[in-house]
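What follows is the content of input.txt, which has compact mmCIF, C-alpha atoms:
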```
# COMPACT_ATOMS: atom_id res chain seq x y z
CA MET A 1 34.01 29.48 34.56
CA THR A 2 30.71 27.98 33.48
CA ASP A 3 29.00 25.20 35.37
CA VAL A 4 28.02 21.97 33.71
CA THR A 5 24.56 20.88 34.80
CA LEU A 6 22.72 17.64 34.21
CA ILE A 7 19.30 18.07 32.61
CA ASN A 8 16.87 15.19 32.85
CA ILE A 9 14.92 14.59 29.64
CA LYS A 10 13.44 11.07 29.31
CA GLU A 11 11.91 11.71 25.91
CA GLU A 12 11.12 9.06 23.33
CA ILE A 13 13.05 9.37 20.06
CA LEU A 14 10.94 9.59 16.88
CA SER A 15 7.77 10.13 18.93
CA GLU A 16 6.60 12.53 16.23
CA ASN A 17 6.37 9.70 13.69
CA ARG A 18 4.52 7.49 16.13
CA GLU A 19 2.02 10.24 16.90
CA LEU A 20 1.37 10.96 13.21
CA ALA A 21 1.00 7.22 12.55
CA GLN A 22 -1.62 6.96 15.30
CA GLU A 23 -3.50 9.92 13.80
CA LEU A 24 -3.45 8.25 10.37
CA ARG A 25 -4.71 4.98 11.83
CA SER A 26 -7.64 6.70 13.58
CA LYS A 27 -8.50 8.66 10.43
CA LEU A 28 -8.52 5.49 8.33
CA THR A 29 -10.59 3.62 10.91
CA ASP A 30 -13.13 6.48 10.95
CA ARG A 31 -13.40 6.28 7.17
CA GLY A 32 -13.80 2.51 7.22
CA VAL A 33 -10.47 1.84 5.46
CA PHE A 34 -8.14 -0.98 6.62
CA LEU A 35 -4.42 -0.54 5.87
CA VAL A 36 -1.97 -3.48 5.70
CA ASN A 37 1.82 -2.87 5.71
CA TYR A 38 3.96 -5.53 3.93
CA MET A 39 7.64 -5.74 4.91
CA SER A 40 10.45 -8.05 3.74
CA SER A 41 13.88 -8.25 2.11
CA PRO A 42 14.05 -7.34 -1.59
CA GLY A 43 12.89 -10.29 -3.70
CA SER A 44 10.87 -12.13 -1.03
CA GLY A 45 7.70 -11.65 -3.04
CA LYS A 46 5.86 -8.65 -1.55
CA THR A 47 4.45 -7.50 -4.88
CA SER A 48 3.56 -11.07 -5.90
CA LEU A 49 1.76 -11.69 -2.60
CA ILE A 50 -0.10 -8.39 -2.90
CA LEU A 51 -1.25 -9.29 -6.43
CA ARG A 52 -2.32 -12.82 -5.41
CA THR A 53 -4.20 -11.41 -2.43
CA LEU A 54 -5.86 -8.62 -4.44
CA GLU A 55 -7.13 -11.20 -6.94
CA ARG A 56 -8.64 -13.26 -4.13
CA VAL A 57 -10.28 -10.41 -2.11
CA LYS A 58 -11.28 -7.97 -4.87
CA ASP A 59 -14.91 -9.14 -5.02
CA ARG A 60 -15.37 -8.65 -1.30
CA PHE A 61 -13.49 -5.37 -0.73
CA ARG A 62 -12.72 -2.27 -2.78
CA VAL A 63 -8.92 -2.55 -2.93
CA GLY A 64 -5.92 -0.35 -3.72
CA VAL A 65 -2.14 -0.34 -3.32
CA ILE A 66 0.41 2.22 -2.13
CA GLU A 67 3.84 1.23 -3.43
CA GLY A 68 6.94 2.45 -1.67
CA ASP A 69 10.22 2.43 -3.53
CA VAL A 70 13.52 4.24 -3.25
CA ASP A 71 13.49 5.55 -6.79
CA SER A 72 11.45 3.49 -9.24
CA ALA A 73 7.83 2.85 -10.18
CA VAL A 74 8.35 -0.75 -11.39
CA ASP A 75 6.11 -2.34 -8.74
CA ALA A 76 3.29 0.22 -9.09
CA GLU A 77 3.33 -0.29 -12.88
CA ARG A 78 3.04 -4.04 -12.35
CA VAL A 79 0.01 -3.59 -10.07
CA LEU A 80 -1.59 -1.14 -12.53
CA ARG A 81 -1.04 -3.56 -15.42
CA GLU A 82 -3.10 -6.13 -13.50
CA GLY A 83 -5.93 -3.59 -13.42
CA PHE A 84 -5.78 -2.47 -9.79
CA HIS A 85 -5.52 1.04 -8.34
CA ALA A 86 -1.98 1.97 -7.28
CA VAL A 87 0.01 5.04 -6.29
CA GLN A 88 3.76 5.25 -6.00
CA ILE A 89 5.72 6.84 -3.15
CA ARG A 90 9.36 7.43 -4.05
CA THR A 91 11.36 7.91 -0.89
CA GLY A 92 14.30 9.54 -2.69
CA GLY A 93 16.93 7.49 -0.85
CA SER A 94 15.17 6.73 2.43
CA CYS A 95 15.31 3.07 3.45
CA HIS A 96 11.78 2.90 4.94
CA LEU A 97 8.37 4.59 4.73
CA THR A 98 7.55 7.14 7.41
CA ALA A 99 4.02 8.06 8.47
CA ALA A 100 4.46 11.43 6.72
CA MET A 101 5.22 9.66 3.41
CA VAL A 102 2.22 7.34 3.83
CA GLU A 103 0.03 10.38 4.50
CA LYS A 104 1.06 11.83 1.13
CA GLY A 105 0.32 8.50 -0.53
CA LEU A 106 -3.14 8.42 1.07
CA ASP A 107 -3.75 12.02 -0.05
CA ALA A 108 -3.22 10.87 -3.65
CA LEU A 109 -6.12 8.39 -3.30
CA SER A 110 -9.82 9.08 -2.73
CA LEU A 111 -10.33 7.24 0.56
CA GLU A 112 -14.11 7.01 0.01
CA ALA A 113 -13.41 4.64 -2.88
CA PHE A 114 -11.59 2.00 -0.78
CA ASP A 115 -12.21 -0.54 1.98
CA LEU A 116 -8.77 -2.16 1.99
CA LEU A 117 -5.37 -0.68 1.13
CA PHE A 118 -2.04 -2.50 0.87
CA LEU A 119 1.20 -0.67 1.59
CA GLU A 120 4.41 -2.14 0.15
CA ASN A 121 7.30 -0.96 2.28
CA ILE A 122 10.93 -0.58 1.14
CA GLY A 123 12.69 -3.95 0.81
CA ASN A 124 14.82 -4.54 3.89
CA LEU A 125 14.35 -6.15 7.30
CA ILE A 126 15.90 -3.43 9.47
CA CYS A 127 14.70 0.10 8.80
CA PRO A 128 10.92 -0.46 8.23
CA ALA A 129 10.73 -2.18 11.63
CA GLY A 130 11.55 1.04 13.45
CA SER A 131 8.92 3.26 11.85
CA ASP A 132 5.16 3.00 12.42
CA THR A 133 3.37 3.63 9.11
CA GLY A 134 -0.15 4.03 10.47
CA ALA A 135 -1.18 0.59 9.20
CA HIS A 136 -3.68 -1.56 11.14
CA LEU A 137 -1.75 -4.73 10.39
CA ASP A 138 1.99 -5.33 9.88
CA VAL A 139 2.89 -8.40 7.83
CA ALA A 140 6.47 -9.67 7.41
CA LEU A 141 7.47 -12.04 4.59
CA VAL A 142 10.43 -14.37 4.48
CA SER A 143 11.10 -16.53 1.44
CA VAL A 144 12.51 -20.05 1.60
CA PRO A 145 15.87 -19.22 -0.10
CA GLU A 146 16.58 -16.56 2.58
CA GLY A 147 16.82 -19.18 5.35
CA ASP A 148 15.07 -19.88 8.65
CA ASP A 149 17.54 -17.88 10.78
CA LYS A 150 16.09 -14.46 9.94
CA PRO A 151 14.25 -14.01 13.29
CA LEU A 152 17.62 -14.32 15.06
CA LYS A 153 19.32 -11.79 12.81
CA TYR A 154 16.54 -9.20 12.59
CA PRO A 155 14.52 -9.69 15.80
CA LEU A 156 12.84 -6.28 15.83
CA ILE A 157 10.76 -6.80 12.69
CA PHE A 158 9.73 -10.26 13.88
CA ARG A 159 8.77 -8.87 17.26
CA LYS A 160 6.75 -6.04 15.75
CA SER A 161 4.75 -7.79 13.01
CA ASP A 162 1.25 -9.22 13.42
CA ALA A 163 1.51 -12.06 10.90
CA PHE A 164 4.23 -13.91 9.00
CA ILE A 165 4.36 -15.31 5.50
CA VAL A 166 6.88 -17.93 4.41
CA ASN A 167 6.81 -17.55 0.63
CA LYS A 168 8.21 -19.85 -2.10
CA THR A 169 7.29 -23.14 -0.39
CA ASP A 170 7.38 -24.71 -3.88
CA VAL A 171 11.20 -24.76 -3.58
CA LEU A 172 11.40 -26.11 0.01
CA ASP A 173 12.98 -29.33 -1.27
CA SER A 174 15.93 -27.44 -2.77
CA PHE A 175 16.83 -25.44 0.35
CA ASP A 176 17.65 -26.07 4.01
CA PHE A 177 14.75 -23.98 5.31
CA ASP A 178 13.37 -25.73 8.42
CA LEU A 179 9.80 -24.54 8.94
CA GLU A 180 9.62 -25.91 12.48
CA ALA A 181 12.88 -24.22 13.49
CA PHE A 182 11.52 -20.99 12.02
CA ARG A 183 8.29 -21.30 14.02
CA GLU A 184 10.24 -22.06 17.20
CA ARG A 185 12.42 -18.95 16.77
CA LEU A 186 9.34 -16.83 16.16
CA ARG A 187 7.47 -18.25 19.12
CA ARG A 188 9.85 -16.64 21.58
CA LEU A 189 9.75 -13.24 19.86
CA ASN A 190 6.09 -13.17 19.00
CA PRO A 191 4.03 -16.10 20.29
CA GLU A 192 0.62 -14.80 19.14
CA ALA A 193 1.33 -14.07 15.47
CA PRO A 194 0.26 -16.72 12.92
CA VAL A 195 2.62 -18.12 10.25
CA PHE A 196 1.35 -18.80 6.73
CA PRO A 197 3.60 -20.95 4.53
CA LEU A 198 2.56 -20.39 0.91
CA SER A 199 3.72 -20.16 -2.68
CA CYS A 200 2.74 -17.16 -4.78
CA ARG A 201 3.93 -19.15 -7.79
CA THR A 202 1.71 -22.23 -7.37
CA GLY A 203 -1.02 -20.64 -5.22
CA GLU A 204 -0.54 -23.21 -2.44
CA GLY A 205 -1.52 -21.74 0.96
CA ILE A 206 -2.92 -18.48 -0.47
CA GLU A 207 -6.47 -19.46 0.45
CA GLU A 208 -5.68 -19.90 4.15
CA TRP A 209 -3.80 -16.58 4.34
CA CYS A 210 -6.60 -14.69 2.57
CA ARG A 211 -9.30 -16.18 4.81
CA TRP A 212 -7.40 -15.04 7.91
CA LEU A 213 -6.80 -11.58 6.40
CA GLU A 214 -10.48 -11.18 5.44
CA ASP A 215 -11.51 -11.95 9.03
CA ARG A 216 -9.05 -9.37 10.35
CA VAL A 217 -10.31 -6.75 7.88
CA GLU A 218 -13.95 -7.43 8.75
CA GLY A 219 -13.13 -7.27 12.47
CA GLY A 220 -11.00 -4.14 12.19
CA ARG A 221 -13.04 -1.86 9.97
CA MET B 1 -5.72 1.66 -16.64
CA PHE B 2 -4.82 4.30 -14.09
CA PRO B 3 -1.92 6.71 -14.59
CA VAL B 4 1.10 6.46 -12.31
CA PRO B 5 1.01 9.79 -10.46
CA ALA B 6 3.84 12.27 -10.62
CA ARG B 7 6.56 12.09 -8.01
CA ILE B 8 5.15 12.45 -4.53
CA PRO B 9 7.26 14.97 -2.58
CA GLU B 10 9.57 13.98 0.25
CA ALA B 11 8.22 14.24 3.74
CA GLU B 12 9.37 17.57 5.15
CA SER B 13 10.86 18.25 8.55
CA SER B 14 8.51 19.42 11.26
CA GLY B 15 10.18 22.83 11.38
CA ARG B 16 9.94 22.91 15.14
CA ALA B 17 13.60 23.11 16.02
CA TRP B 18 16.65 25.04 14.98
CA GLY B 19 17.28 25.79 11.32
CA SER B 20 14.90 23.26 9.86
CA GLY B 21 13.11 25.88 7.77
CA HIS B 22 16.18 26.57 5.67
CA PRO B 23 16.20 24.76 2.30
CA GLN B 24 19.97 24.17 2.41
CA HIS B 25 19.87 22.69 5.89
CA PRO B 26 20.91 19.01 5.72
CA TRP B 27 17.58 17.88 7.21
CA ASN B 28 15.76 19.24 4.18
CA ARG B 29 17.94 17.67 1.53
CA GLN B 30 17.00 14.30 0.12
CA ALA B 31 19.70 12.60 2.10
CA LEU B 32 17.82 10.18 4.35
CA THR B 33 19.75 7.13 3.26
CA VAL B 34 19.98 4.98 6.37
CA HIS B 35 17.84 4.61 9.44
CA GLU B 36 20.37 6.22 11.79
CA LEU B 37 19.84 9.60 10.12
CA PRO B 38 16.14 10.20 10.94
CA VAL B 39 16.81 8.90 14.45
CA THR B 40 19.72 11.32 14.85
CA ARG B 41 17.55 14.16 13.57
CA SER B 42 14.96 13.32 16.22
CA ILE B 43 17.65 13.22 18.94
CA LEU B 44 18.96 16.62 17.88
CA GLU B 45 15.45 18.10 17.82
CA ILE B 46 14.86 16.92 21.40
CA VAL B 47 18.27 18.19 22.56
CA LEU B 48 17.87 21.63 20.96
CA ARG B 49 14.34 22.06 22.30
CA GLN B 50 15.63 21.28 25.80
CA ALA B 51 18.66 23.54 25.27
CA GLU B 52 16.40 26.42 24.38
CA SER B 53 14.06 25.98 27.34
CA HIS B 54 16.99 25.66 29.79
CA GLN B 55 18.94 28.55 28.18
CA VAL B 56 21.91 26.32 27.50
CA THR B 57 24.99 27.81 25.80
CA LYS B 58 26.73 24.50 25.05
CA VAL B 59 25.70 20.87 25.22
CA VAL B 60 28.59 18.72 26.47
CA ALA B 61 27.09 15.22 26.37
CA VAL B 62 23.79 13.48 25.63
CA ASP B 63 22.73 10.19 27.27
CA ILE B 64 20.68 7.88 25.08
CA THR B 65 19.19 4.45 25.71
CA ILE B 66 18.84 2.09 22.77
CA ALA B 67 16.88 -1.08 23.33
CA ALA B 68 18.54 -4.44 22.70
CA LEU B 69 16.43 -5.31 19.66
CA SER B 70 17.18 -2.08 17.83
CA ASP B 71 19.78 -2.23 15.05
CA LEU B 72 21.13 1.29 15.61
CA GLU B 73 24.90 1.70 15.69
CA GLY B 74 26.27 4.22 18.20
CA GLU B 75 29.23 5.07 16.00
CA TRP B 76 27.00 6.11 13.10
CA LEU B 77 24.70 8.07 15.39
CA GLN B 78 27.69 10.11 16.59
CA SER B 79 28.93 10.77 13.09
CA TYR B 80 25.50 11.95 11.88
CA PHE B 81 25.04 13.96 15.05
CA ASP B 82 28.38 15.74 14.47
CA HIS B 83 27.23 16.63 10.96
CA LEU B 84 23.70 17.76 11.80
CA SER B 85 24.59 19.72 14.94
CA ARG B 86 27.12 22.04 13.28
CA GLY B 87 26.48 25.65 14.19
CA THR B 88 24.07 24.75 17.02
CA PRO B 89 24.66 24.70 20.81
CA ALA B 90 24.93 20.90 20.49
CA GLU B 91 27.98 21.01 18.21
CA GLY B 92 30.75 18.82 19.59
CA ALA B 93 28.53 17.04 22.13
CA GLU B 94 29.35 13.43 22.91
CA LEU B 95 26.54 10.87 22.51
CA ARG B 96 26.75 8.36 25.34
CA VAL B 97 24.80 5.32 24.24
CA ARG B 98 23.50 2.77 26.73
CA ARG B 99 22.19 -0.57 25.45
CA ALA B 100 19.14 -1.60 27.46
CA PRO B 101 18.84 -5.36 27.97
CA LEU B 102 15.89 -7.45 26.86
CA THR B 103 13.39 -8.15 29.59
CA PHE B 104 11.53 -11.45 29.52
CA ARG B 105 8.61 -12.72 31.55
CA CYS B 106 8.56 -16.47 32.12
CA ASP B 107 5.37 -18.07 30.77
CA ALA B 108 5.57 -20.81 33.39
CA CYS B 109 6.33 -19.01 36.67
CA SER B 110 5.79 -15.32 35.68
CA SER B 111 9.14 -14.18 37.04
CA GLU B 112 10.95 -11.48 35.05
CA PHE B 113 14.55 -11.75 33.89
CA GLN B 114 16.98 -10.04 31.56
CA ALA B 115 19.12 -11.28 28.69
CA THR B 116 21.25 -9.88 25.89
CA ARG B 117 20.32 -9.93 22.24
CA GLU B 118 22.77 -12.77 21.66
CA GLU B 119 20.90 -14.87 24.23
CA LEU B 120 17.59 -14.30 22.47
CA ALA B 121 17.10 -17.89 21.36
CA SER B 122 18.78 -19.65 24.28
CA ALA B 123 17.73 -17.70 27.40
CA ARG B 124 16.00 -19.75 30.09
CA CYS B 125 14.13 -18.61 33.17
CA PRO B 126 16.73 -18.50 35.99
CA ARG B 127 14.08 -19.46 38.53
CA CYS B 128 12.33 -22.48 36.99
CA GLY B 129 14.47 -23.22 33.92
CA SER B 130 11.60 -22.92 31.44
CA ARG B 131 12.43 -22.01 27.85
CA ASP B 132 8.99 -20.45 27.34
CA ALA B 133 9.25 -16.75 27.97
CA SER B 134 7.81 -13.65 26.36
CA ILE B 135 9.68 -10.42 25.68
CA ILE B 136 8.12 -7.57 27.62
CA SER B 137 10.57 -4.80 26.74
CA GLY B 138 13.45 -4.28 24.35
CA MET B 139 12.26 -2.12 21.48
CA GLY B 140 12.15 1.69 21.86
CA TYR B 141 14.82 4.32 22.32
CA THR B 142 14.95 7.45 24.48
CA VAL B 143 17.01 10.55 25.17
CA ASP B 144 17.52 10.25 28.94
CA SER B 145 19.47 13.35 29.94
CA MET B 146 22.17 15.78 28.87
CA GLU B 147 25.10 17.61 30.40
CA ALA B 148 25.19 21.26 29.44
CA GLN B 149 26.73 24.63 30.23
CA THR B 150 24.32 27.43 31.08
```

Turn the structure described in the file into structure tokens.
Amino acid sequence: MTDVTLINIKEEILSENRELAQELRSKLTDRGVFLVNYMSSPGSGKTSLILRTLERVKDRFRVGVIEGDVDSAVDAERVLREGFHAVQIRTGGSCHLTAAMVEKGLDALSLEAFDLLFLENIGNLICPAGSDTGAHLDVALVSVPEGDDKPLKYPLIFRKSDAFIVNKTDVLDSFDFDLEAFRERLRRLNPEAPVFPLSCRTGEGIEEWCRWLEDRVEGGR
Amino acid sequence: MFPVPARIPEAESSGRAWGSGHPQHPWNRQALTVHELPVTRSILEIVLRQAESHQVTKVVAVDITIAALSDLEGEWLQSYFDHLSRGTPAEGAELRVRRAPLTFRCDACSSEFQATREELASARCPRCGSRDASIISGMGYTVDSMEAQT
């Protein structure tokens, strides 16, 4: 008869990804490149926000985009059409970007040519929250039609992110989105992170967001 | 205009643990469709590494802690684990999942207290009644221990 023994382990799951992400972050910092990770549901306006922001910061920083998508290059093509550098990572079914995927995306760019890179993660509020990408700054977007209850339903991503965007404020009148209730729910999860209500369509609020981002980039490079 | 580069390859497995070098092994197929799968792969890697160093012949059960804010489902973890562990000493092992509570620290009186995920928005400090509290733990996940035959 064989004995069953208890083996103590206490090991963190997915520590490999976290370690690679930390390596990437140090490498980028050493090269003077600042990486921003954008996360949201599909259709919240990640690509639109990235384009608006690129337009506003392109004279100050040398900018580029790494687009993550399950199996299309639609977003990268849109960024390229606007005249910006972009590379596409296709995850082939994976619901979030891992540090290893981001590393391949970075390898496809000449890092010497950039000061500021934007990473567009796969559109969902669950999976990207669990995987460090190596970015210096994690930004989560929520759009007005999605509702103000998202921090209650997907707390991890709202706990983990460094800044929040509420996009599509131009349609606030047509929806029940309560900005104060949203801020209150966030405050418990993440009291330090700023909230930027804005509209990529009208440009309202973009200025304030970009000023804050520029300060973070200058301070972090 | 800049060309859209050709398909960037999938991230490959680390190759550290059992069987991951084989192209037909499930870890190396493009099958990472939900977040439970990479997590399960990481659990199995940890378990098999420990099994090897302790000269284990069969893993009976694995104890895992998942933090309250994580969206992982124990049922899916078990089903992926059953699939990935086939042919390894961990085949047939039961995953025993423990949900760790959220820990808050009261902003007013600094005392620490616990709450469930459902109480996230409503939890109050049991000592002073303040609603202002910060989460100090509730995110990660760990493999705690395993029962095995040697």

Report task. Using only C-alpha atoms, select each residue of chain A with any atom at most 9 Å away from an atom of chain B, and give the selection as number ranges by chain. Result -> A: 2-16, 73, 76-77, 80-96, 98-101, 104-105, 108, 126-130, 152, 154-156, 159-160, 185, 187-191

**Report entry** Point-to-point distance in Å for CA of Arg183 in chain A and CA of Asn167 in chain A
**Finding:**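 Result for CA of Asn167 in chain A versus CA of Arg183 in chain A: 14.0 Å, one decimal.
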
Query raised in the report: In Å, with one decimal, what is the gap from CA of Ala100 in chain B to CA of Leu125 in chain A?
Result: 21.2 Å

Report summary line: Students should find that CA of Ser110 in chain A and CA of Glu23 in chain A are spaced 17.7 Å

Query raised in the report: Counting all atoms listed in the file, which of B:Gln114, B:Leu84, B:Pro89, B:Glu75 gets nearest to Leu48 in chain B?
Result: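 Closest to Leu48 in chain B of all the choices is B:Pro89.
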
Requested in this report: Give as a list in words each residue that has an atom at most 12 Å from (-14.7, 1.8, 6.8) in the file, counting only C-alpha atoms.
Outcome: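 The residues near that point, listed by chain and number, are Arg25, Ser26, Lys27, Leu28, Thr29, Asp30, Arg31, Gly32, Val33, Phe34, Leu35, Phe61, Arg62, Leu111, Glu112, Ala113, Phe114, Asp115, Leu116, Leu117, Val217, Glu218, Gly219, Gly220 and Arg221 of chain A.
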
**Report entry** Shortest interatomic distance to Gly203 in chain A - which of A:Ile122, A:Leu49, A:Leu97, A:Leu54, counting all atoms listed in the file
**Finding:**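 Once distances to Gly203 in chain A are computed over all atoms listed in the file, the minimum belongs to A:Leu49.
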
Report summary line: Using only C-alpha atoms, the shortest atom-to-atom distance to Asp138 in chain A among A:Arg216, A:Arg78, A:Arg56, A:Arg201 belongs to A:Arg216

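Within 9 Å of Pro126 in chain B, once all atoms listed in the file are used and residues closer than 4 positions along the same chain are dropped, the contacting residues are Ser111, Phe113 and Ser130 of chain B.
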